[in-house]
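Inspection log for the structure reproduced underneath, given as C-alpha cells.
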Amino acid sequence: MIAAVSATCSGKRVKGDTMLTKKDKDKIIAKYKTHKQDTGSPEVQIAILTAEIEDLTGHLKIHRKDHSSRRGLLKKVAQRKKLQMFLKKEDLERYETLMKKLKLKV
C-alpha cells in the first residue's frame, strides 16, 4: 500500500494503480474520437472502460482479497459489454474496427 501511495505522489503510474488520470483519459479520447469534440461516443466510452478494466485487473492481481474493487470491475465489464452490443447493433463496421484497435475478442 505504501509503495502505491508513494508512486502516485511522485506522479508516476504503477501497474495496479486503479485510477486513470485526466491525461490518460484525454489521450484515449484523442485516439478514439469520431469527430472534433467527441467525448461520449460508444467508441470512446468502450476505450475508456477497457483502460479502467486493465488497471483494475492489475490492481486485483496484487490485492486478491479486495472484493469491492472486484465488484467495480464486474460492473465496468458489464457496462462495456452493453456498449459493445449497442455499437454492434447500430454499426457493425465501427464495432469490428474498434475491437481490432483495442485487441478485444469479437
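Letters A, B, ... mark the chains of the C-alpha cells in the order given; residue numbers begin at 1 per chain; ligand numbers begin at 1, in order shown.
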Original post:
range 9-86 of chain A: which residues are helix (DSSP H, G or I) by DSSP, as JSON, numbers by chain?
Top reply: {"A": [9, 22, 23, 24, 25, 26, 27, 28, 29, 30, 31, 32, 42, 43, 44, 45, 46, 47, 48, 49, 50, 51, 52, 53, 54, 55, 56, 57, 58, 59, 60, 61, 62, 67, 68, 69, 70, 71, 72, 73, 74, 75, 76, 77, 78, 79, 80, 81, 82, 83, 84, 85, 86]}
Just-selected residues, C-alpha atoms written as a CSV table (one decimal), in the first residue's frame:
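Now in again-v2.csv:
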chain,number,residue,atom,x,y,z
A,9,CYS,CA,2.6,11.1,-5.2
A,22,LYS,CA,-7.1,13.2,-16.8
A,23,LYS,CA,-4.1,13.0,-19.1
A,24,ASP,CA,-4.7,9.3,-19.7
A,25,LYS,CA,-8.4,9.8,-20.5
A,26,ASP,CA,-7.6,12.7,-22.8
A,27,LYS,CA,-5.1,10.5,-24.7
A,28,ILE,CA,-7.7,7.8,-25.1
A,29,ILE,CA,-10.4,10.3,-26.2
A,30,ALA,CA,-8.0,11.8,-28.7
A,31,LYS,CA,-7.2,8.3,-30.1
A,32,TYR,CA,-10.7,7.0,-30.4
A,42,PRO,CA,-19.6,4.4,-27.8
A,43,GLU,CA,-16.1,4.0,-29.2
A,44,VAL,CA,-14.6,6.5,-26.6
A,45,GLN,CA,-16.7,5.0,-23.8
A,46,ILE,CA,-15.6,1.5,-24.6
A,47,ALA,CA,-11.9,2.5,-24.9
A,48,ILE,CA,-12.0,4.3,-21.5
A,49,LEU,CA,-13.8,1.3,-19.8
A,50,THR,CA,-11.2,-1.0,-21.4
A,51,ALA,CA,-8.3,1.0,-19.9
A,52,GLU,CA,-10.1,1.1,-16.5
A,53,ILE,CA,-10.6,-2.7,-16.7
A,54,GLU,CA,-7.0,-3.3,-17.4
A,55,ASP,CA,-5.9,-1.1,-14.5
A,56,LEU,CA,-8.4,-2.8,-12.1
A,57,THR,CA,-7.2,-6.2,-13.3
A,58,GLY,CA,-3.6,-5.3,-12.4
A,59,HIS,CA,-4.8,-4.0,-9.0
A,60,LEU,CA,-6.6,-7.2,-8.3
A,61,LYS,CA,-3.6,-9.3,-9.1
A,62,ILE,CA,-1.8,-7.5,-6.3
A,67,HIS,CA,-13.8,-7.6,-3.1
A,68,SER,CA,-15.1,-4.0,-3.5
A,69,SER,CA,-12.7,-3.4,-6.4
A,70,ARG,CA,-13.7,-6.8,-7.9
A,71,ARG,CA,-17.3,-5.7,-7.8
A,72,GLY,CA,-16.4,-2.4,-9.5
A,73,LEU,CA,-14.5,-4.4,-12.1
A,74,LEU,CA,-17.5,-6.6,-12.8
A,75,LYS,CA,-19.7,-3.5,-13.2
A,76,LYS,CA,-17.3,-2.0,-15.7
A,77,VAL,CA,-17.1,-5.2,-17.7
A,78,ALA,CA,-21.0,-5.4,-17.8
A,79,GLN,CA,-21.2,-1.7,-18.9
A,80,ARG,CA,-18.6,-2.3,-21.6
A,81,LYS,CA,-20.5,-5.4,-22.8
A,82,LYS,CA,-23.7,-3.4,-23.1
A,83,LEU,CA,-22.0,-0.6,-25.1
A,84,GLN,CA,-20.4,-3.2,-27.3
A,85,MET,CA,-23.8,-4.8,-28.0
A,86,PHE,CA,-25.3,-1.4,-28.8
Original post:
Near Val106 in chain A, counting only C-alpha atoms, which residues have an atom at most 9 Å away, once you skip same-chain residues fewer than 6 positions from it, shown as a list in words?
Top reply: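 So, after excluding close chain neighbours, the residues are Tyr95, Glu96, Met99 and Lys100 of chain A.
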Could the residues in this selection be written to a file with N, CA and C atoms, as a JSON list (two decimals), in the first residue's frame?
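Dumped to selection-v4.json:
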[["chain", "number", "residue", "atom", "x", "y", "z"],
["A", 95, "TYR", "N", -17.98, -1.29, -35.03],
["A", 95, "TYR", "CA", -17.76, -2.26, -33.94],
["A", 95, "TYR", "C", -16.52, -3.10, -34.22],
["A", 96, "GLU", "N", -16.45, -3.67, -35.42],
["A", 96, "GLU", "CA", -15.32, -4.54, -35.76],
["A", 96, "GLU", "C", -14.00, -3.77, -35.78],
["A", 99, "MET", "N", -12.95, -3.19, -32.14],
["A", 99, "MET", "CA", -12.47, -4.42, -31.49],
["A", 99, "MET", "C", -11.05, -4.75, -31.94],
["A", 100, "LYS", "N", -10.74, -4.49, -33.21],
["A", 100, "LYS", "CA", -9.38, -4.72, -33.70],
["A", 100, "LYS", "C", -8.40, -3.75, -33.06]]
Original post:
CA of Lys101 in chain A and CA of Leu87 in chain A are how many Å apart?
Top reply: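 A separation of 14.6 Å between them.
Checking A:Met19, A:Arg64, A:Arg94, A:Leu102 one by one against Ser41 in chain A, counting only C-alpha atoms, you find the shortest gap at A:Arg94.
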Original post:
Mind pulling up the distance from CA of Lys105 in chain A to CA of Thr39 in chain A?
Top reply: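 Straight-line distance from CA of Thr39 in chain A to CA of Lys105 in chain A works out to 23.9 Å.
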